[in-house]
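Coordinates as given in target-v4.tsv (TSV, C-alpha atoms and all ligand atoms):
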chain	number	residue	atom	x	y	z
T	84	MET	CA	25.08	10.74	2.16
T	85	GLU	CA	23.65	12.02	-1.12
T	86	VAL	CA	19.89	12.28	-0.54
T	87	HIS	CA	17.49	11.07	-3.22
T	88	GLN	CA	14.86	13.76	-3.63
T	89	VAL	CA	12.27	14.74	-6.19
T	90	THR	CA	10.97	18.24	-6.83
T	91	PHE	CA	7.46	18.94	-8.12
T	92	ARG	CA	7.05	21.82	-10.55
T	93	ASN	CA	5.50	24.67	-8.53
T	94	GLY	CA	5.61	22.33	-5.56
T	95	PRO	CA	7.82	20.98	-2.82
T	96	THR	CA	10.87	18.75	-2.80
T	97	VAL	CA	10.23	15.36	-1.19
T	98	LEU	CA	12.19	12.21	-0.45
T	99	ALA	CA	12.25	9.96	-3.53
T	100	LEU	CA	10.91	7.07	-1.47
T	101	GLY	CA	7.31	7.34	-0.30
T	102	GLN	CA	4.69	4.93	0.99
T	103	GLY	CA	2.03	3.08	-0.99
T	104	THR	CA	-1.13	1.87	0.70
T	105	TYR	CA	-2.94	-0.43	-1.74
T	106	ARG	CA	-4.53	-3.33	0.19
T	107	MET	CA	-3.98	-1.56	3.53
T	108	GLY	CA	-7.05	-1.23	5.71
T	109	LYS	CA	-8.57	-4.49	4.44
T	110	THR	CA	-8.23	-6.41	7.70
T	111	ILE	CA	-9.16	-4.92	11.06
T	112	GLY	CA	-6.51	-7.12	12.73
T	113	ASN	CA	-3.72	-5.46	10.70
T	114	ARG	CA	-4.93	-1.91	11.27
T	115	SER	CA	-2.68	-0.85	14.15
T	116	GLU	CA	0.38	-2.48	12.57
T	117	GLU	CA	-0.30	-0.68	9.29
T	118	ILE	CA	-0.83	2.64	11.05
T	119	ASN	CA	2.42	2.13	12.99
T	120	ALA	CA	4.21	1.33	9.72
T	121	LEU	CA	2.96	4.51	8.05
T	122	ARG	CA	3.88	6.60	11.10
T	123	ALA	CA	7.36	5.06	11.19
T	124	GLY	CA	7.78	6.04	7.56
T	125	ILE	CA	6.67	9.60	8.27
T	126	ASP	CA	9.12	9.81	11.18
T	127	LEU	CA	11.91	8.65	8.88
T	128	GLY	CA	11.06	11.47	6.46
T	129	MET	CA	9.15	9.50	3.82
T	130	GLN	CA	6.66	12.29	3.25
T	131	VAL	CA	4.66	10.89	0.35
T	132	ILE	CA	1.67	8.72	1.23
T	133	ASP	CA	-0.29	7.39	-1.72
T	134	THR	CA	-3.93	6.36	-1.50
T	135	ALA	CA	-6.99	6.40	-3.78
T	136	GLU	CA	-10.76	6.38	-3.46
T	137	PHE	CA	-10.56	2.95	-5.13
T	138	TYR	CA	-8.55	1.57	-2.18
T	139	HIS	CA	-11.37	2.21	0.34
T	140	ASN	CA	-8.81	2.97	3.04
T	141	GLU	CA	-8.78	6.77	3.14
T	142	GLU	CA	-10.35	6.87	6.62
T	143	MET	CA	-7.58	4.70	8.00
T	144	ILE	CA	-4.93	6.82	6.25
T	145	GLY	CA	-6.59	9.89	7.77
T	146	ASP	CA	-6.20	8.30	11.20
T	147	ALA	CA	-2.56	7.39	10.52
T	148	ILE	CA	-1.58	10.96	9.63
T	149	GLN	CA	-3.41	12.66	12.51
T	150	GLY	CA	-0.99	15.00	14.25
T	151	ALA	CA	1.53	14.69	11.41
T	152	ARG	CA	-0.34	16.23	8.48
T	153	ASP	CA	2.31	18.93	8.02
T	154	LYS	CA	4.98	16.25	7.53
T	155	VAL	CA	3.02	14.40	4.85
T	156	PHE	CA	2.71	14.93	1.10
T	157	LEU	CA	-0.71	13.36	0.67
T	158	VAL	CA	-1.73	11.84	-2.65
T	159	SER	CA	-5.15	10.48	-3.56
T	160	LYS	CA	-6.76	9.47	-6.83
T	161	VAL	CA	-10.16	9.89	-8.37
T	162	HIS	CA	-11.82	6.82	-9.84
T	163	PRO	CA	-12.19	7.37	-13.60
T	164	SER	CA	-15.96	6.94	-13.46
T	165	ASN	CA	-16.04	10.09	-11.29
T	166	ALA	CA	-13.63	12.15	-13.39
T	167	THR	CA	-15.91	14.82	-14.83
T	168	ARG	CA	-16.33	18.43	-13.77
T	169	GLN	CA	-20.13	18.63	-13.93
T	170	GLY	CA	-20.28	15.10	-12.70
T	171	THR	CA	-18.60	13.88	-9.63
T	172	LEU	CA	-14.86	14.64	-9.68
T	173	ILE	CA	-15.25	17.59	-7.34
T	174	THR	CA	-17.59	15.66	-5.05
T	175	SER	CA	-15.14	12.75	-5.06
T	176	CYS	CA	-12.31	15.03	-3.99
T	177	GLU	CA	-14.42	16.55	-1.22
T	178	ARG	CA	-15.36	13.05	-0.02
T	179	SER	CA	-11.68	12.04	0.02
T	180	LEU	CA	-10.75	15.19	1.97
T	181	LYS	CA	-13.39	14.38	4.56
T	182	LYS	CA	-12.27	10.77	4.95
T	183	LEU	CA	-8.62	11.81	5.12
T	184	LYS	CA	-9.57	14.48	7.70
T	185	THR	CA	-7.72	17.24	5.87
T	186	ASN	CA	-8.57	20.45	4.01
T	187	VAL	CA	-6.25	19.98	1.08
T	188	LEU	CA	-4.57	17.23	-0.93
T	189	ASP	CA	-0.98	17.78	-1.99
T	190	LEU	CA	-1.55	15.85	-5.21
T	191	TYR	CA	-4.72	14.49	-6.81
T	192	LEU	CA	-4.47	12.01	-9.67
T	193	LEU	CA	-6.81	10.63	-12.31
T	194	HIS	CA	-6.37	6.92	-11.52
T	195	TRP	CA	-6.64	5.67	-15.10
T	196	GLU	CA	-8.43	6.62	-18.29
T	197	GLY	CA	-12.17	6.06	-18.17
T	198	ASN	CA	-15.05	7.33	-20.27
T	199	SER	CA	-14.78	11.00	-19.24
T	200	SER	CA	-13.04	13.34	-21.64
T	201	PHE	CA	-9.60	14.56	-20.61
T	202	GLU	CA	-10.93	18.13	-21.14
T	203	GLU	CA	-13.50	17.59	-18.37
T	204	THR	CA	-10.86	16.14	-16.06
T	205	VAL	CA	-8.43	19.04	-16.64
T	206	SER	CA	-11.19	21.58	-16.10
T	207	ALA	CA	-12.22	19.95	-12.80
T	208	MET	CA	-8.62	19.63	-11.61
T	209	VAL	CA	-7.92	23.30	-12.42
T	210	LYS	CA	-11.06	24.31	-10.51
T	211	LEU	CA	-10.06	22.20	-7.49
T	212	ARG	CA	-6.68	23.98	-7.47
T	213	GLN	CA	-8.28	27.40	-7.75
T	214	ASP	CA	-10.58	26.53	-4.86
T	215	GLY	CA	-7.60	25.45	-2.72
T	216	LYS	CA	-8.78	21.84	-2.35
T	217	ILE	CA	-5.71	20.41	-4.05
T	218	LYS	CA	-2.22	21.83	-4.45
T	219	LEU	CA	-1.18	19.84	-7.53
T	220	TRP	CA	-2.88	17.44	-9.90
T	221	GLY	CA	-1.66	14.65	-12.11
T	222	VAL	CA	-2.51	11.37	-13.77
T	223	SER	CA	-1.79	7.68	-13.48
T	224	ASN	CA	-1.40	4.83	-15.94
T	225	MET	CA	-0.88	7.17	-18.89
T	226	ASP	CA	1.55	6.40	-21.72
T	227	VAL	CA	3.20	9.03	-23.94
T	228	ALA	CA	0.20	9.28	-26.31
T	229	GLU	CA	-2.16	10.06	-23.43
T	230	MET	CA	0.30	12.55	-21.93
T	231	GLU	CA	0.48	14.32	-25.28
T	232	ARG	CA	-3.33	14.53	-25.30
T	233	PHE	CA	-3.33	16.06	-21.81
T	234	PHE	CA	-0.65	18.57	-22.69
T	235	ALA	CA	-2.59	19.68	-25.78
T	236	ILE	CA	-5.51	20.84	-23.57
T	237	PRO	CA	-5.29	24.38	-22.13
T	238	GLY	CA	-4.30	23.89	-18.49
T	239	GLY	CA	-3.22	20.30	-19.20
T	240	GLU	CA	0.41	21.32	-19.11
T	241	THR	CA	0.06	21.96	-15.36
T	242	CYS	CA	-0.07	18.17	-14.84
T	243	ALA	CA	2.58	17.57	-12.16
T	244	ALA	CA	2.94	13.78	-12.05
T	245	ASN	CA	2.27	10.52	-13.82
T	246	GLN	CA	2.08	7.40	-11.64
T	247	VAL	CA	2.91	4.21	-13.55
T	248	ALA	CA	4.10	0.67	-12.96
T	249	TYR	CA	7.88	0.71	-12.80
T	250	ASN	CA	10.29	-1.82	-11.40
T	251	ILE	CA	13.36	-3.76	-12.42
T	252	GLU	CA	11.21	-6.28	-14.34
T	253	THR	CA	8.82	-3.70	-15.79
T	254	ARG	CA	11.08	-1.03	-17.23
T	255	GLY	CA	9.70	-0.55	-20.76
T	256	THR	CA	8.77	3.07	-19.98
T	257	GLU	CA	12.47	3.95	-19.79
T	258	PHE	CA	12.43	3.96	-23.58
T	259	ASP	CA	10.02	6.88	-24.02
T	260	LEU	CA	7.72	7.80	-21.12
T	261	LEU	CA	10.41	8.45	-18.54
T	262	PRO	CA	12.40	10.84	-20.80
T	263	TRP	CA	9.12	12.46	-21.88
T	264	CYS	CA	8.21	13.17	-18.23
T	265	ASN	CA	11.74	14.31	-17.38
T	266	GLY	CA	11.67	16.80	-20.25
T	267	ARG	CA	8.45	18.36	-19.02
T	268	ASN	CA	9.02	18.37	-15.27
T	269	VAL	CA	6.38	15.75	-14.71
T	270	VAL	CA	7.34	13.64	-11.69
T	271	PHE	CA	7.52	9.95	-12.61
T	272	MET	CA	5.88	8.06	-9.74
T	273	ALA	CA	6.91	4.39	-9.74
T	274	TYR	CA	4.20	2.09	-8.42
T	275	SER	CA	4.74	-1.60	-7.56
T	276	PRO	CA	8.52	-1.03	-7.26
T	277	LEU	CA	8.78	-4.43	-5.54
T	278	GLY	CA	6.73	-6.15	-8.24
T	279	GLU	CA	3.90	-6.44	-5.68
T	280	GLY	CA	6.34	-8.36	-3.48
T	281	ASP	CA	7.59	-10.84	-6.12
T	282	LEU	CA	11.01	-9.21	-6.42
T	283	ILE	CA	11.93	-9.96	-2.82
T	284	ARG	CA	12.55	-13.57	-3.92
T	285	ASN	CA	14.56	-12.72	-7.03
T	286	ARG	CA	17.88	-14.60	-7.21
T	287	THR	CA	19.81	-11.89	-9.10
T	288	LEU	CA	18.73	-9.23	-6.64
T	289	LYS	CA	19.67	-11.47	-3.72
T	290	GLU	CA	23.14	-12.01	-5.24
T	291	ILE	CA	23.69	-8.28	-5.73
T	292	GLY	CA	22.33	-7.69	-2.26
T	293	LYS	CA	25.13	-9.84	-0.78
T	294	ARG	CA	27.70	-7.34	-2.13
T	295	HIS	CA	25.93	-4.50	-0.29
T	296	ASN	CA	24.81	-6.40	2.79
T	297	ALA	CA	21.29	-5.69	1.57
T	298	THR	CA	18.10	-7.63	0.88
T	299	ALA	CA	16.60	-8.16	-2.57
T	300	ALA	CA	13.84	-5.68	-1.60
T	301	GLN	CA	16.44	-3.03	-0.83
T	302	ILE	CA	18.20	-3.63	-4.16
T	303	ALA	CA	14.90	-3.35	-6.06
T	304	LEU	CA	14.06	-0.08	-4.29
T	305	ALA	CA	17.54	1.43	-4.64
T	306	TRP	CA	17.34	0.60	-8.35
T	307	SER	CA	13.89	2.22	-8.67
T	308	VAL	CA	15.19	5.62	-7.47
T	309	ARG	CA	18.66	5.53	-9.05
T	310	TRP	CA	17.80	8.36	-11.44
T	311	PRO	CA	16.43	11.84	-10.74
T	312	ASN	CA	12.70	12.61	-11.05
T	313	ILE	CA	11.58	9.11	-9.99
T	314	LEU	CA	9.45	8.86	-6.85
T	315	SER	CA	9.03	5.25	-5.74
T	316	ILE	CA	6.11	4.27	-3.51
T	317	PRO	CA	6.51	0.75	-2.07
T	318	LYS	CA	3.75	-0.52	0.17
T	319	ALA	CA	5.01	-1.95	3.46
T	320	GLY	CA	2.67	-3.19	6.15
T	321	SER	CA	5.12	-3.42	9.06
T	322	VAL	CA	7.60	-1.13	10.78
T	323	ASN	CA	10.41	-3.61	10.01
T	324	HIS	CA	9.69	-3.48	6.30
T	325	VAL	CA	9.45	0.33	6.32
T	326	GLU	CA	12.81	0.63	8.09
T	327	GLU	CA	14.39	-1.89	5.73
T	328	ASN	CA	13.03	-0.03	2.72
T	329	PHE	CA	14.23	3.33	3.98
T	330	LYS	CA	17.77	1.99	4.35
T	331	SER	CA	17.81	1.19	0.61
T	332	LEU	CA	18.44	4.89	0.03
T	333	SER	CA	22.04	4.52	1.15
T	334	ILE	CA	22.89	1.86	-1.47
T	335	ARG	CA	25.14	3.02	-4.31
T	336	PHE	CA	25.48	0.66	-7.27
T	337	THR	CA	28.78	-0.16	-8.91
T	338	ASP	CA	29.12	-0.53	-12.69
T	339	GLU	CA	29.40	-4.27	-12.08
T	340	ASP	CA	26.00	-4.27	-10.33
T	341	ILE	CA	24.33	-2.38	-13.18
T	342	ILE	CA	25.81	-4.71	-15.79
T	343	ALA	CA	24.56	-7.74	-13.84
T	344	ILE	CA	21.09	-6.23	-13.52
T	345	ASP	CA	20.85	-5.21	-17.17
T	346	LYS	CA	21.90	-8.68	-18.27
T	347	VAL	CA	18.97	-10.29	-16.48
T	348	PHE	CA	16.52	-7.38	-16.86
T	349	PRO	CA	17.52	-5.74	-20.15
T	350	PRO	CA	16.68	-2.07	-20.64
T	351	PRO	CA	14.21	-1.45	-23.50
T	352	THR	CA	15.63	-0.78	-26.95
T	353	ARG	CA	12.27	-0.02	-28.58
T	354	LYS	CA	8.73	0.97	-27.66
T	355	MET	CA	7.31	-1.67	-25.31
T	356	PRO	CA	3.68	-2.57	-24.55
T	357	PHE	CA	2.48	-0.31	-21.76
T	358	ALA	CA	2.01	-2.00	-18.37
T	359	GLY	CA	-0.96	-0.44	-16.69
T	360	TRP	CA	-4.68	-0.32	-16.22
P	401	LIG	N1	-1.83	4.03	-9.78
P	401	LIG	C1	-2.07	2.74	-9.84
P	401	LIG	O1	-2.83	2.26	-10.70
P	401	LIG	C2	-1.40	1.83	-8.85
P	401	LIG	C3	-1.37	0.45	-9.07
P	401	LIG	C4	-0.71	-0.36	-8.11
P	401	LIG	C5	-0.11	0.23	-7.02
P	401	LIG	N2	-0.19	1.59	-6.82
P	401	LIG	C6	0.44	2.25	-5.64
P	401	LIG	O2	1.78	1.79	-5.51
P	401	LIG	C7	1.95	1.19	-4.23
P	401	LIG	C8	2.99	0.09	-4.26
P	401	LIG	O3	2.65	-0.92	-5.18
P	401	LIG	P1	2.09	-2.36	-4.73
P	401	LIG	O4	1.42	-2.26	-3.42
P	401	LIG	O5	1.33	-2.88	-5.90
P	401	LIG	O6	3.36	-3.30	-4.63
P	401	LIG	P2	4.86	-3.19	-4.08
P	401	LIG	O7	5.07	-1.96	-3.29
P	401	LIG	O8	5.72	-3.45	-5.26
P	401	LIG	O9	4.92	-4.48	-3.14
P	401	LIG	C9	4.19	-4.56	-1.95
P	401	LIG	C10	4.48	-5.91	-1.33
P	401	LIG	O10	5.87	-5.94	-0.96
P	401	LIG	C11	5.96	-6.34	0.40
P	401	LIG	N3	7.12	-5.66	1.01
P	401	LIG	C12	7.31	-4.34	1.19
P	401	LIG	N4	8.52	-4.09	1.75
P	401	LIG	C13	9.08	-5.31	1.94
P	401	LIG	C14	10.30	-5.72	2.50
P	401	LIG	N5	11.22	-4.85	2.93
P	401	LIG	N6	10.57	-7.06	2.56
P	401	LIG	C15	9.67	-7.95	2.10
P	401	LIG	N7	8.49	-7.62	1.56
P	401	LIG	C16	8.19	-6.30	1.48
P	401	LIG	C17	4.68	-5.92	1.05
P	401	LIG	O11	4.44	-6.77	2.14
P	401	LIG	P3	4.04	-6.20	3.59
P	401	LIG	O12	2.74	-5.49	3.40
P	401	LIG	O13	3.98	-7.43	4.42
P	401	LIG	O14	5.13	-5.26	4.03
P	401	LIG	C18	3.68	-6.17	-0.09
P	401	LIG	O15	3.28	-7.53	-0.11
P	401	LIG	C19	0.54	0.71	-3.88
P	401	LIG	O16	0.42	0.36	-2.54
P	401	LIG	C20	-0.28	1.90	-4.33
P	401	LIG	O17	-0.20	2.94	-3.40
P	401	LIG	C21	-0.79	2.39	-7.74

Kindly present the structure from the file in structure tokens form.
Amino acid sequence: MEVHQVTFRNGPTVLALGQGTYRMGKTIGNRSEEINALRAGIDLGMQVIDTAEFYHNEEMIGDAIQGARDKVFLVSKVHPSNATRQGTLITSCERSLKKLKTNVLDLYLLHWEGNSSFEETVSAMVKLRQDGKIKLWGVSNMDVAEMERFFAIPGGETCAANQVAYNIETRGTEFDLLPWCNGRNVVFMAYSPLGEGDLIRNRTLKEIGKRHNATAAQIALAWSVRWPNILSIPKAGSVNHVEENFKSLSIRFTDEDIIAIDKVFPPPTRKMPFAGW
């Protein structure tokens, strides 16, 4: 089987399907099921685990990865209000490391644009790398214009990833941002690849799923990683969902499938409004 993988510039190669964690850790009753789900994903080889200080679940993620840290590519994000060098970006990172019970993050992202200057953010990210607290840094919710601003700052061109909303219904970034990232070796991280769960009920995806003996969720995920340089991070709160999502990696679309998908979810033919924070 051809394996979908993504390679970070100056970084490792990982499976193109990782694990999101937004809204995990909210309910004590779900905690062990969520931890089991994350561990099942790690065992299957889904290295990337995505969290953020905004999610208030880093302690639980830290518990989930205990004993498996070397198998995980750990991503966290700084809240924009903390994204300055002199201010609190470095303290935020140190706090996340402590909660996650690790010495280093594999990737640290600016969650979205706040009031801090991008210069301050780059300077703090570069310092965190020099100090060995993060291996790579990147951004989230940035369109082409913001990426251009980052790349114009000395050190900004070391940005390794941009995490944005991307799914079969929200594909406007294919017009410009995705090729922009591909051309600069910036990994395109697709968040909400299941449309926050809405796509599992989609009739077109269910129909295509029948041809592959697959669920709508699997079709949505297979679609999200059909091209190189896209790293998709669905959130799944149960072992069953994680296993189902993992199996999506073996789906290969026919031309007929792609035509059917594009008819219902047309690819962008011009610049589209950016979907993000
Ligand atoms: N950077 C940002 O600003 C940003 C914004 C949003 C999200 N994110 C990241 O991206 C991750 C994913 O996005 P998301 O959480 O918004 O939405 P998503 O991954 O598109 O959808 C998650 C929903 O899909 C359900 N689901 C997962 N696998 C399923 C399956 N096989 N069958 C049926 N339902 C399934 C989950 O339910 P169960 O929990 O019951 O499995 C959950 O309700 C987040 O968790 C977060 O890490 C980043």

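Residue neighbourhood of segment 133-140 of chain T, excluding near-sequence residues (fewer than 3 positions): Gly103, Thr104, Tyr105, Gly108, Met143, Val158, Ser159 and Lys160 of chain T, at 6 Å, using all atoms listed in the file.
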
Open item on the list: Residues near Glu177 of chain T, anyone? I mean within 10 Å using only C-alpha atoms, not counting same-chain ones fewer than 4 positions away, as a PyMOL selection string.
Closed with: chain T and resi 171-173+181-183+185-188+211+216-217

- [ ] Write out as number ranges by chain each polymer residue whose atoms come within 8 Å of segment 318-322 of chain T, counting only C-alpha atoms; drop sequence neighbours fewer than 2 positions from it.
- [x] T: 102-105, 107, 116-117, 119-121, 123-124, 275, 316, 324-326

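Minimum atom-to-atom distances from T:Thr167, T:Ser315, T:Asn265, T:Thr287 to Glu202 of chain T were compared using only C-alpha atoms, and the lowest value belongs to T:Thr167.
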
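Proximity ranking of T:Ser223, T:Ile302, T:Pro237, T:Ile342 relative to Val269 of chain T places T:Ser223 first, based on all atoms listed in the file.
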
- [ ] Write out as number ranges by chain which residues come within 10 Å of Glu203 of chain T when counting only C-alpha atoms, dropping same-chain ones fewer than 3 positions away.
- [x] T: 166-170, 172, 199-200, 206-209

Centre and edges of the segment 287-306 of chain T box, axis-aligned, 6 Å extra per side, as JSON:
{"center_x": 20.8, "center_y": -5.3, "center_z": -3.2, "size_x": 25.9, "size_y": 25.4, "size_z": 23.9}

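Among the candidates T:Asn198, T:Gln149, T:Thr110, T:Gln88, the one nearest to Lys184 of chain T when counting all atoms listed in the file is T:Gln149.
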
TODO: Find the residues near Ala244 of chain T: any atom within 9 Å, counting all atoms listed in the file, skip ones fewer than 5 places away on the same chain, and give them as a count of residues only.
DONE: 14

Take segment 194-226 of chain T, bring it up to N, CA and C atoms, and give me the output as an mmCIF file, in the frame of the given file.
data_model
loop_
_atom_site.group_PDB
_atom_site.id
_atom_site.type_symbol
_atom_site.label_atom_id
_atom_site.label_comp_id
_atom_site.auth_asym_id
_atom_site.auth_seq_id
_atom_site.Cartn_x
_atom_site.Cartn_y
_atom_site.Cartn_z
ATOM 1 N N HIS T 194 -6.961 8.244 -11.767
ATOM 2 C CA HIS T 194 -6.370 6.920 -11.520
ATOM 3 C C HIS T 194 -6.033 6.174 -12.817
ATOM 4 N N TRP T 195 -6.924 6.192 -13.754
ATOM 5 C CA TRP T 195 -6.640 5.670 -15.100
ATOM 6 C C TRP T 195 -7.681 6.250 -16.038
ATOM 7 N N GLU T 196 -7.508 6.010 -17.331
ATOM 8 C CA GLU T 196 -8.430 6.620 -18.290
ATOM 9 C C GLU T 196 -9.764 5.884 -18.280
ATOM 10 N N GLY T 197 -10.835 6.650 -18.116
ATOM 11 C CA GLY T 197 -12.170 6.060 -18.170
ATOM 12 C C GLY T 197 -12.927 6.633 -19.346
ATOM 13 N N ASN T 198 -14.232 6.824 -19.163
ATOM 14 C CA ASN T 198 -15.050 7.330 -20.270
ATOM 15 C C ASN T 198 -15.135 8.850 -20.310
ATOM 16 N N SER T 199 -14.708 9.529 -19.246
ATOM 17 C CA SER T 199 -14.780 11.000 -19.240
ATOM 18 C C SER T 199 -13.735 11.557 -20.179
ATOM 19 N N SER T 200 -14.044 12.734 -20.756
ATOM 20 C CA SER T 200 -13.040 13.340 -21.640
ATOM 21 C C SER T 200 -11.926 13.934 -20.778
ATOM 22 N N PHE T 201 -10.725 13.959 -21.339
ATOM 23 C CA PHE T 201 -9.600 14.560 -20.610
ATOM 24 C C PHE T 201 -9.875 16.047 -20.370
ATOM 25 N N GLU T 202 -10.607 16.698 -21.301
ATOM 26 C CA GLU T 202 -10.930 18.130 -21.140
ATOM 27 C C GLU T 202 -11.701 18.337 -19.835
ATOM 28 N N GLU T 203 -12.695 17.457 -19.595
ATOM 29 C CA GLU T 203 -13.500 17.590 -18.370
ATOM 30 C C GLU T 203 -12.626 17.387 -17.132
ATOM 31 N N THR T 204 -11.726 16.411 -17.220
ATOM 32 C CA THR T 204 -10.860 16.140 -16.060
ATOM 33 C C THR T 204 -9.955 17.341 -15.781
ATOM 34 N N VAL T 205 -9.333 17.887 -16.836
ATOM 35 C CA VAL T 205 -8.430 19.040 -16.640
ATOM 36 C C VAL T 205 -9.218 20.185 -16.026
ATOM 37 N N SER T 206 -10.398 20.447 -16.582
ATOM 38 C CA SER T 206 -11.190 21.580 -16.100
ATOM 39 C C SER T 206 -11.535 21.413 -14.610
ATOM 40 N N ALA T 207 -11.889 20.189 -14.219
ATOM 41 C CA ALA T 207 -12.220 19.950 -12.800
ATOM 42 C C ALA T 207 -10.977 20.072 -11.922
ATOM 43 N N MET T 208 -9.855 19.565 -12.401
ATOM 44 C CA MET T 208 -8.620 19.630 -11.610
ATOM 45 C C MET T 208 -8.192 21.098 -11.431
ATOM 46 N N VAL T 209 -8.295 21.877 -12.510
ATOM 47 C CA VAL T 209 -7.920 23.300 -12.420
ATOM 48 C C VAL T 209 -8.825 24.007 -11.415
ATOM 49 N N LYS T 210 -10.118 23.678 -11.454
ATOM 50 C CA LYS T 210 -11.060 24.310 -10.510
ATOM 51 C C LYS T 210 -10.730 23.914 -9.065
ATOM 52 N N LEU T 211 -10.406 22.652 -8.851
ATOM 53 C CA LEU T 211 -10.060 22.200 -7.490
ATOM 54 C C LEU T 211 -8.831 22.952 -6.967
ATOM 55 N N ARG T 212 -7.873 23.200 -7.881
ATOM 56 C CA ARG T 212 -6.680 23.980 -7.470
ATOM 57 C C ARG T 212 -7.064 25.398 -7.121
ATOM 58 N N GLN T 213 -7.870 26.006 -8.009
ATOM 59 C CA GLN T 213 -8.280 27.400 -7.750
ATOM 60 C C GLN T 213 -9.012 27.505 -6.419
ATOM 61 N N ASP T 214 -9.801 26.496 -6.097
ATOM 62 C CA ASP T 214 -10.580 26.530 -4.860
ATOM 63 C C ASP T 214 -9.762 26.113 -3.636
ATOM 64 N N GLY T 215 -8.481 25.779 -3.850
ATOM 65 C CA GLY T 215 -7.600 25.450 -2.720
ATOM 66 C C GLY T 215 -7.842 24.070 -2.143
ATOM 67 N N LYS T 216 -8.526 23.192 -2.889
ATOM 68 C CA LYS T 216 -8.780 21.840 -2.350
ATOM 69 C C LYS T 216 -7.643 20.882 -2.681
ATOM 70 N N ILE T 217 -6.906 21.195 -3.734
ATOM 71 C CA ILE T 217 -5.710 20.410 -4.050
ATOM 72 C C ILE T 217 -4.576 21.389 -4.377
ATOM 73 N N LYS T 218 -3.351 20.949 -4.110
ATOM 74 C CA LYS T 218 -2.220 21.830 -4.450
ATOM 75 C C LYS T 218 -1.718 21.538 -5.856
ATOM 76 N N LEU T 219 -1.676 20.255 -6.210
ATOM 77 C CA LEU T 219 -1.180 19.840 -7.530
ATOM 78 C C LEU T 219 -2.110 18.741 -8.042
ATOM 79 N N TRP T 220 -2.112 18.563 -9.342
ATOM 80 C CA TRP T 220 -2.880 17.440 -9.900
ATOM 81 C C TRP T 220 -1.997 16.683 -10.892
ATOM 82 N N GLY T 221 -2.416 15.457 -11.165
ATOM 83 C CA GLY T 221 -1.660 14.650 -12.110
ATOM 84 C C GLY T 221 -2.496 13.481 -12.588
ATOM 85 N N VAL T 222 -1.812 12.510 -13.179
ATOM 86 C CA VAL T 222 -2.510 11.370 -13.770
ATOM 87 C C VAL T 222 -1.803 10.087 -13.366
ATOM 88 N N SER T 223 -2.392 8.984 -13.764
ATOM 89 C CA SER T 223 -1.790 7.680 -13.480
ATOM 90 C C SER T 223 -2.112 6.744 -14.636
ATOM 91 N N ASN T 224 -1.204 5.829 -14.878
ATOM 92 C CA ASN T 224 -1.400 4.830 -15.940
ATOM 93 C C ASN T 224 -1.541 5.447 -17.331
ATOM 94 N N MET T 225 -0.816 6.511 -17.580
ATOM 95 C CA MET T 225 -0.880 7.170 -18.890
ATOM 96 C C MET T 225 0.451 6.986 -19.622
ATOM 97 N N ASP T 226 0.359 6.532 -20.883
ATOM 98 C CA ASP T 226 1.550 6.400 -21.720
ATOM 99 C C ASP T 226 1.791 7.732 -22.443
#
